[in-house]
Number of protein chains: 2
Amino acid sequence: MGYTIEDLLKKINDEIDNLDITGEPGELYSPVKYSLKNGGKRVRPLMALIACDMFGENIDKAIPAAIGLEVFHNFTLLHDDIMDQSPMRRGKPSVYKKWNTNTAILSGDVMFALAYQYMLKTPDKNLKRILEVFNETVIQVCEGQQYDMNFEAISNVSEAEYLNMIRLKTAVLPANSLKIGAIVAAAPENEIQNLYLFGELFGLAFQLKDDWLDVFGDENVFGKKTGGDIIANKKTWLYIKAFEMANKDQIKKLKEAYSNRIQHPEEKINIVKNIYIQLELNKLAISHMEKYYQRAFDYLEKIKIPEESKSNITRLINLLIERKS
Amino acid sequence: MGYTIEDLLKKINDEIDNLDITGEPGELYSPVKYSLKNGGKRVRPLMALIACDMFGENIDKAIPAAIGLEVFHNFTLLHDDIMDQSPMRRGKPSVYKKWNTNTAILSGDVMFALAYQYMLKTPDKNLKRILEVFNETVIQVCEGQQYDMNFEAISNVSEAEYLNMIRLKTAVLPANSLKIGAIVAAAPENEIQNLYLFGELFGLAFQLKDDWLDVFGDENVFGKKTGGDIIANKKTWLYIKAFEMANKDQIKKLKEAYSNRIQHPEEKINIVKNIYIQLELNKLAISHMEKYYQRAFDYLEKIKIPEESKSNITRLINLLIERKS
């Protein structure tokens with residue numbers, strides 16, 4: 001107890017800096033190192049440590065699982081970047097672009113195994129359950145990624161389908177990171193469940209903010225050009241809601257913009273963004289996000305621990321929800 | 001005890017037929033089903049069950065691990081077929097060819113997680129050690145695949161480097177399948193080690209036979225055209241040995257053939273195959289394989305269990321070594 005988020009982040013980064021990723025062949029392990037040591041917010045391992053700390057357990061017991069979760073998350077990025085053809089990641093070339101697709105596949109696979117290797121270092125008492133939760137998470141993340149790819153090919157994705165997709169692809173991993181930290185701390189079952197639901201609802205809010213930033217973020221702070229999702233024809237919450245709310249003329253324009261018949265990316269972004277603004281979706285998305293955020297906190301409030309034990313998780317979530325990049 | 005190989009194979013195939021792979025989205029799980037229910041020799045799960053049975057334990061305890069090993073093996077095929085651009089697998093289109101690369105990546109990833117899910121059903125007593133052995137195997141298989149890809153780009157691969165590559169890529173998985181079966185049966189440590197070394201040496205013999213069949217197999221029995229490795233410029237044991245033993249003229253011809261300047265596949269195969277025959281590599285490969293096979297059996301002989309308990313593993317290995325396809 002008594003750790004600040006900065007203390008925990010330093011602990012995680014020290015662990016990752018000290019990971020021994022010097023195996024042979026180098027062609028396999030260099031991309032692993034490149035990926036893991038390329039920064040990132042370390043949200044998932046932070047959540048595991050904060051949850052463990054919340055329930056008064058020594059956080060060292062949750063370190064192996066925290067590292068396993070971060071390695072797994074980075075593995076998903078290697079494979080997702082191939083599938084989504086995303087050439088950049090955290091301001092640097094993504095692995096498949098810096099090396100090649102085969103390297104990103106195979107180095108990803110070995111990272112997947114390394115994630116399990118770290119998970120396996122969790123103290124025996126909770127090991128089996130943690131592995132089961134972790135494994136179920138992995139399966140759900142794959143399902144979410146598949147739905148995301150499916151949605152690229154179909155035009156009528158409902159809001160419910162979209163929310164289920166981001167739940168699987170994005171929300172389940174931070175939610176289960178919290179859960180795993182709480183299991184390490186042997187928290188009561190009902191509190192583990194409250195924390196999980198808090199995490200899942202937060203994950204949805206987090207993704208809605210992500211969608212919003214991609215269109216309405218301040219480019220100087222956002223660190224990259226906005227409109228990437230529009231260019232990639234991504235079916236985000238904004239897009240789905242726009243279709244629900246738009247009039248005939250707006251629907252025609254949206255369809256035309258997403259049909260790729262418009263040549264200039266800037267023009268396409270402007271058309272779509274203007275319709276979003278006409279429909280006040282810039283504001284609606286934020287109030288929708290805040291609704292999830294509030295529902296998440298309802299679950300956090302239910303957890304019967306001293307208020308000061310909730311300060312780290314509250315601060316982390318606020319930082320993430322208020323982020324500008 | 002008292003099972004025949006056919007009994008065990010039926011048990012494995014029944015288990016796989018009854019696996020519930022009906023999850024959503026179907027786009028993710030259909031390739032998993034296609035891959036798992038498309039036959040195969042089921043060598044690795046057979047080895048796990050035979051090893052468990054050898055030491056007198058109820059084989060049902062080894063079933064989850066056996067299935068996990070088979071699912072993992074099939075996962076490697078999905079990703080390897082992308083990396084090696086192999087359009088066919090067991091006489092049918094490989095997953096990346098029947099669907100696409102993204103599908104083969106992601107369905108492969110979920111199979112990887114499913115493999116762990118089955119491993120996790122192993123009785124608790126031996127679970128942690130089995131997961132550690134399994135995980136180490138996964139990492140070694142990835143390392144072997146990376147060496148195999150590296151070797152495509154370099155001309156001077158030594159016999160020792162080649163053997164280390166096939167040890168990692170091919171031999172470690174059956175060897176650890178035996179080991180895992182023996183751990184489930186709580187066999188003595190030295191016997192587990194003897195069985196592992198037996199499996200690793202057998203694995204090398206198995207791969208040498210594979211290389212031989214690819215060039216010298218009877219096409220009518222082999223079930224496909226021979227010479228595939230030559231066309232793909234694979235650096236097999238035959239190729240490496242040929243370079244070691246060839247005279248100047250033969251080396252020139254080999255280099256020319258492997259330089260891709262020769263247009264007709266049949267011509268390329270004939271040139272290389274003729275040099276192999278001139279150097280008597282067709283016979284040398286077989287005697288080399290038999291050497292490994294014999295060394296493998298030396299380890300099997302060391303294991304202090306009744307001779308009749310060794311009959312299944314002996315029979316399986318003989319079937320595999322004498323196979324014609």
# chains A, B, ... in the order shown; residues from 1 in each chain; ligands from 1
$ interface_residues --of "chain B" --to "chain A" --cutoff "10 Å" --atoms "only C-alpha atoms" --output "PyMOL selection string"
chain B and resi 23-29+76+79-80+82-84+101-103+105-117+120-121+124+127-129+131-132+134-147+149-150
$ write_last_selection --atoms "C-alpha atoms" --output "PDB file, in the first residue's frame"
ATOM      1  CA  GLY B  23     -18.392 -20.687 -31.191  1.00  0.00           C
ATOM      2  CA  GLU B  24     -19.167 -17.311 -32.721  1.00  0.00           C
ATOM      3  CA  PRO B  25     -18.101 -15.653 -34.946  1.00  0.00           C
ATOM      4  CA  GLY B  26     -18.174 -18.575 -37.384  1.00  0.00           C
ATOM      5  CA  GLU B  27     -15.537 -16.883 -39.547  1.00  0.00           C
ATOM      6  CA  LEU B  28     -13.081 -17.449 -36.680  1.00  0.00           C
ATOM      7  CA  TYR B  29     -14.026 -21.016 -35.774  1.00  0.00           C
ATOM      8  CA  THR B  76       1.619 -24.286 -36.238  1.00  0.00           C
ATOM      9  CA  HIS B  79       0.899 -20.133 -39.582  1.00  0.00           C
ATOM     10  CA  ASP B  80       3.697 -22.164 -41.232  1.00  0.00           C
ATOM     11  CA  ILE B  82       1.377 -18.743 -44.648  1.00  0.00           C
ATOM     12  CA  MET B  83       5.099 -18.277 -44.040  1.00  0.00           C
ATOM     13  CA  ASP B  84       6.133 -21.071 -46.412  1.00  0.00           C
ATOM     14  CA  THR B 101      -3.960 -14.723 -44.743  1.00  0.00           C
ATOM     15  CA  ASN B 102      -5.776 -12.690 -42.063  1.00  0.00           C
ATOM     16  CA  THR B 103      -8.078 -15.613 -41.346  1.00  0.00           C
ATOM     17  CA  ILE B 105      -3.372 -15.627 -38.672  1.00  0.00           C
ATOM     18  CA  LEU B 106      -6.349 -15.040 -36.394  1.00  0.00           C
ATOM     19  CA  SER B 107      -7.870 -18.535 -36.452  1.00  0.00           C
ATOM     20  CA  GLY B 108      -4.345 -19.768 -35.745  1.00  0.00           C
ATOM     21  CA  ASP B 109      -4.115 -17.462 -32.744  1.00  0.00           C
ATOM     22  CA  VAL B 110      -7.383 -18.718 -31.317  1.00  0.00           C
ATOM     23  CA  MET B 111      -6.256 -22.336 -31.865  1.00  0.00           C
ATOM     24  CA  PHE B 112      -3.130 -21.513 -29.898  1.00  0.00           C
ATOM     25  CA  ALA B 113      -5.344 -20.346 -26.999  1.00  0.00           C
ATOM     26  CA  LEU B 114      -7.577 -23.425 -27.386  1.00  0.00           C
ATOM     27  CA  ALA B 115      -4.469 -25.624 -27.100  1.00  0.00           C
ATOM     28  CA  TYR B 116      -3.727 -24.023 -23.719  1.00  0.00           C
ATOM     29  CA  GLN B 117      -7.377 -24.398 -22.754  1.00  0.00           C
ATOM     30  CA  LEU B 120      -5.370 -26.570 -18.533  1.00  0.00           C
ATOM     31  CA  LYS B 121      -7.801 -29.484 -18.101  1.00  0.00           C
ATOM     32  CA  ASP B 124      -3.988 -30.389 -10.992  1.00  0.00           C
ATOM     33  CA  LEU B 127      -0.549 -29.242 -14.246  1.00  0.00           C
ATOM     34  CA  LYS B 128       2.088 -26.601 -13.607  1.00  0.00           C
ATOM     35  CA  ARG B 129       5.015 -28.711 -14.759  1.00  0.00           C
ATOM     36  CA  LEU B 131       2.315 -26.242 -18.755  1.00  0.00           C
ATOM     37  CA  GLU B 132       5.964 -25.298 -18.307  1.00  0.00           C
ATOM     38  CA  PHE B 134       4.464 -27.292 -23.112  1.00  0.00           C
ATOM     39  CA  ASN B 135       5.311 -23.601 -23.089  1.00  0.00           C
ATOM     40  CA  GLU B 136       9.014 -24.247 -23.505  1.00  0.00           C
ATOM     41  CA  THR B 137       8.150 -26.501 -26.452  1.00  0.00           C
ATOM     42  CA  VAL B 138       6.118 -23.751 -28.089  1.00  0.00           C
ATOM     43  CA  ILE B 139       9.045 -21.341 -27.803  1.00  0.00           C
ATOM     44  CA  GLN B 140      11.454 -23.896 -29.269  1.00  0.00           C
ATOM     45  CA  VAL B 141       9.142 -24.641 -32.190  1.00  0.00           C
ATOM     46  CA  CYS B 142       9.016 -20.897 -32.988  1.00  0.00           C
ATOM     47  CA  GLU B 143      12.821 -20.740 -32.814  1.00  0.00           C
ATOM     48  CA  GLY B 144      13.085 -23.711 -35.179  1.00  0.00           C
ATOM     49  CA  GLN B 145      10.709 -22.126 -37.678  1.00  0.00           C
ATOM     50  CA  GLN B 146      12.738 -18.891 -37.586  1.00  0.00           C
ATOM     51  CA  TYR B 147      16.002 -20.804 -38.256  1.00  0.00           C
ATOM     52  CA  MET B 149      13.305 -19.231 -42.649  1.00  0.00           C
ATOM     53  CA  ASN B 150      16.793 -17.821 -42.023  1.00  0.00           C
TER      54      ASN B 150
END
$ select_by_dssp --residues "segment 43-216 of chain A" --states "helix (DSSP H, G or I)" --output "VMD selection string"
chain A and resid 43 to 54 59 to 83 95 to 98 101 to 119 124 to 153 159 to 184 189 to 216
$ residues_around --residues "Asp210 of chain A" --least-positions-apart "3" --cutoff "12 Å" --atoms "only C-alpha atoms" --output "number ranges by chain"
A: 166, 170, 203-207, 213-217, 222, 226-229, 236-238, 285-286, 289, 320-325
$ write_last_selection --atoms "C-alpha atoms" --output "mmCIF file, in the first residue's frame"
data_model
loop_
_atom_site.group_PDB
_atom_site.id
_atom_site.type_symbol
_atom_site.label_atom_id
_atom_site.label_comp_id
_atom_site.auth_asym_id
_atom_site.auth_seq_id
_atom_site.Cartn_x
_atom_site.Cartn_y
_atom_site.Cartn_z
ATOM 1 C CA ILE A 166 -15.415 -3.459 -28.688
ATOM 2 C CA THR A 170 -10.910 -3.804 -26.144
ATOM 3 C CA GLY A 203 -13.178 -0.244 -21.427
ATOM 4 C CA LEU A 204 -16.230 0.732 -23.469
ATOM 5 C CA ALA A 205 -15.863 4.372 -22.388
ATOM 6 C CA PHE A 206 -12.160 4.223 -23.248
ATOM 7 C CA GLN A 207 -12.884 2.997 -26.796
ATOM 8 C CA LEU A 213 -10.160 11.498 -30.500
ATOM 9 C CA ASP A 214 -9.582 10.015 -33.923
ATOM 10 C CA VAL A 215 -12.021 12.530 -35.436
ATOM 11 C CA PHE A 216 -12.162 15.468 -33.047
ATOM 12 C CA GLY A 217 -8.778 15.326 -31.309
ATOM 13 C CA PHE A 222 -3.075 13.931 -30.571
ATOM 14 C CA THR A 226 -7.071 12.934 -37.235
ATOM 15 C CA GLY A 227 -9.527 11.146 -39.506
ATOM 16 C CA GLY A 228 -7.631 7.830 -39.740
ATOM 17 C CA ASP A 229 -10.749 5.792 -38.969
ATOM 18 C CA THR A 236 -16.994 3.320 -35.291
ATOM 19 C CA TRP A 237 -19.715 4.341 -32.861
ATOM 20 C CA LEU A 238 -19.806 7.772 -34.532
ATOM 21 C CA ALA A 285 -20.291 10.768 -28.084
ATOM 22 C CA ILE A 286 -18.856 12.521 -25.053
ATOM 23 C CA MET A 289 -18.933 8.015 -22.937
ATOM 24 C CA LEU A 320 -7.346 7.824 -19.331
ATOM 25 C CA ILE A 321 -10.818 9.257 -19.860
ATOM 26 C CA GLU A 322 -9.548 12.846 -19.928
ATOM 27 C CA ARG A 323 -6.596 12.019 -22.182
ATOM 28 C CA LYS A 324 -6.068 14.080 -25.312
ATOM 29 C CA SER A 325 -3.941 11.570 -27.214
#
$ residues_around --residues "Met54 of chain A" --least-positions-apart "6" --cutoff "12 Å" --atoms "only C-alpha atoms" --output "PyMOL selection string"
chain A and resi 1-4+46-48+178-179+181-187+191-192+195+300+303-314
$ write_last_selection --atoms "C-alpha atoms" --output "mmCIF file, in the first residue's frame"
data_model
loop_
_atom_site.group_PDB
_atom_site.id
_atom_site.type_symbol
_atom_site.label_atom_id
_atom_site.label_comp_id
_atom_site.auth_asym_id
_atom_site.auth_seq_id
_atom_site.Cartn_x
_atom_site.Cartn_y
_atom_site.Cartn_z
ATOM 1 C CA MET A 1 0.000 0.000 0.000
ATOM 2 C CA GLY A 2 0.973 3.597 -0.340
ATOM 3 C CA TYR A 3 2.170 3.300 -3.938
ATOM 4 C CA THR A 4 1.454 6.104 -6.369
ATOM 5 C CA LEU A 46 -0.993 -0.993 -14.035
ATOM 6 C CA MET A 47 -4.540 -2.239 -13.559
ATOM 7 C CA ALA A 48 -3.354 -5.644 -12.348
ATOM 8 C CA LEU A 178 -8.172 -5.882 -12.795
ATOM 9 C CA LYS A 179 -9.760 -9.254 -12.086
ATOM 10 C CA GLY A 181 -4.897 -8.554 -9.751
ATOM 11 C CA ALA A 182 -7.862 -9.043 -7.418
ATOM 12 C CA ILE A 183 -7.590 -12.851 -7.634
ATOM 13 C CA VAL A 184 -3.900 -12.640 -6.696
ATOM 14 C CA ALA A 185 -5.026 -10.610 -3.670
ATOM 15 C CA ALA A 186 -7.673 -13.244 -2.831
ATOM 16 C CA ALA A 187 -10.398 -10.571 -2.841
ATOM 17 C CA GLU A 191 -15.816 -7.726 -5.216
ATOM 18 C CA ILE A 192 -13.873 -9.442 -7.983
ATOM 19 C CA LEU A 195 -14.243 -4.819 -10.266
ATOM 20 C CA LEU A 300 -16.509 0.759 -8.042
ATOM 21 C CA ILE A 303 -16.759 -2.366 -3.478
ATOM 22 C CA LYS A 304 -16.458 -2.361 0.303
ATOM 23 C CA ILE A 305 -12.918 -1.157 0.904
ATOM 24 C CA PRO A 306 -11.706 2.145 2.380
ATOM 25 C CA GLU A 307 -12.164 5.069 -0.004
ATOM 26 C CA GLU A 308 -8.418 5.813 0.016
ATOM 27 C CA SER A 309 -7.797 2.307 -1.387
ATOM 28 C CA LYS A 310 -9.755 3.359 -4.484
ATOM 29 C CA SER A 311 -7.733 6.512 -5.130
ATOM 30 C CA ASN A 312 -5.223 4.958 -7.556
ATOM 31 C CA ILE A 313 -7.797 3.293 -9.772
ATOM 32 C CA THR A 314 -9.954 6.433 -9.756
#
$ atom_distance --atom1 "atom CA of Arg167 of chain B" --atom2 "atom CA of Glu57 of chain B"
28.5 Å
$ atom_distance --atom1 "atom CA of Glu266 of chain A" --atom2 "atom CA of Gln278 of chain A"
18.0 Å
$ atom_distance --atom1 "atom CA of Arg42 of chain B" --atom2 "atom CA of Leu78 of chain B"
16.1 Å
$ closest_residue --among "A:Glu200, A:Glu70, A:Glu244, A:Asp218" --to "Val157 of chain A" --atoms "only C-alpha atoms"
A:Glu244
$ select_by_dssp --residues "segment 60-256 of chain A" --states "strand (DSSP E or B)" --output "NGL selection string"
:A and (88-89 or 92-93)
$ residues_around --residues "Pro93 of chain A" --least-positions-apart "2" --cutoff "12 Å" --atoms "only C-alpha atoms" --output "list in words"
Pro31, Tyr34, Ser35, Asn38, Leu78, Asp81, Ile82, Gln85, Ser86, Pro87, Met88, Arg89, Arg90, Gly91, Val95, Tyr96, Lys97, Lys98, Trp99, Asn100 and Ala104 of chain A
$ write_last_selection --atoms "C-alpha atoms" --output "mmCIF file, in the first residue's frame"
data_model
loop_
_atom_site.group_PDB
_atom_site.id
_atom_site.type_symbol
_atom_site.label_atom_id
_atom_site.label_comp_id
_atom_site.auth_asym_id
_atom_site.auth_seq_id
_atom_site.Cartn_x
_atom_site.Cartn_y
_atom_site.Cartn_z
ATOM 1 C CA PRO A 31 11.046 -7.597 -32.958
ATOM 2 C CA TYR A 34 11.414 -3.586 -30.294
ATOM 3 C CA SER A 35 7.729 -4.029 -29.517
ATOM 4 C CA ASN A 38 8.698 0.906 -27.417
ATOM 5 C CA LEU A 78 1.899 -7.271 -33.927
ATOM 6 C CA ASP A 81 -1.140 -4.373 -37.454
ATOM 7 C CA ILE A 82 -0.725 -7.012 -40.176
ATOM 8 C CA GLN A 85 -2.369 -2.946 -42.523
ATOM 9 C CA SER A 86 -1.373 -0.287 -39.967
ATOM 10 C CA PRO A 87 2.122 0.848 -40.923
ATOM 11 C CA MET A 88 2.757 2.912 -37.766
ATOM 12 C CA ARG A 89 2.555 2.109 -34.074
ATOM 13 C CA ARG A 90 3.423 4.580 -31.318
ATOM 14 C CA GLY A 91 5.085 6.873 -33.832
ATOM 15 C CA VAL A 95 6.817 -4.716 -36.907
ATOM 16 C CA TYR A 96 5.434 -6.076 -40.192
ATOM 17 C CA LYS A 97 6.483 -2.826 -41.863
ATOM 18 C CA LYS A 98 9.963 -2.584 -40.285
ATOM 19 C CA TRP A 99 10.655 -6.292 -40.930
ATOM 20 C CA ASN A 100 8.020 -8.229 -42.879
ATOM 21 C CA ALA A 104 5.446 -10.220 -37.420
#
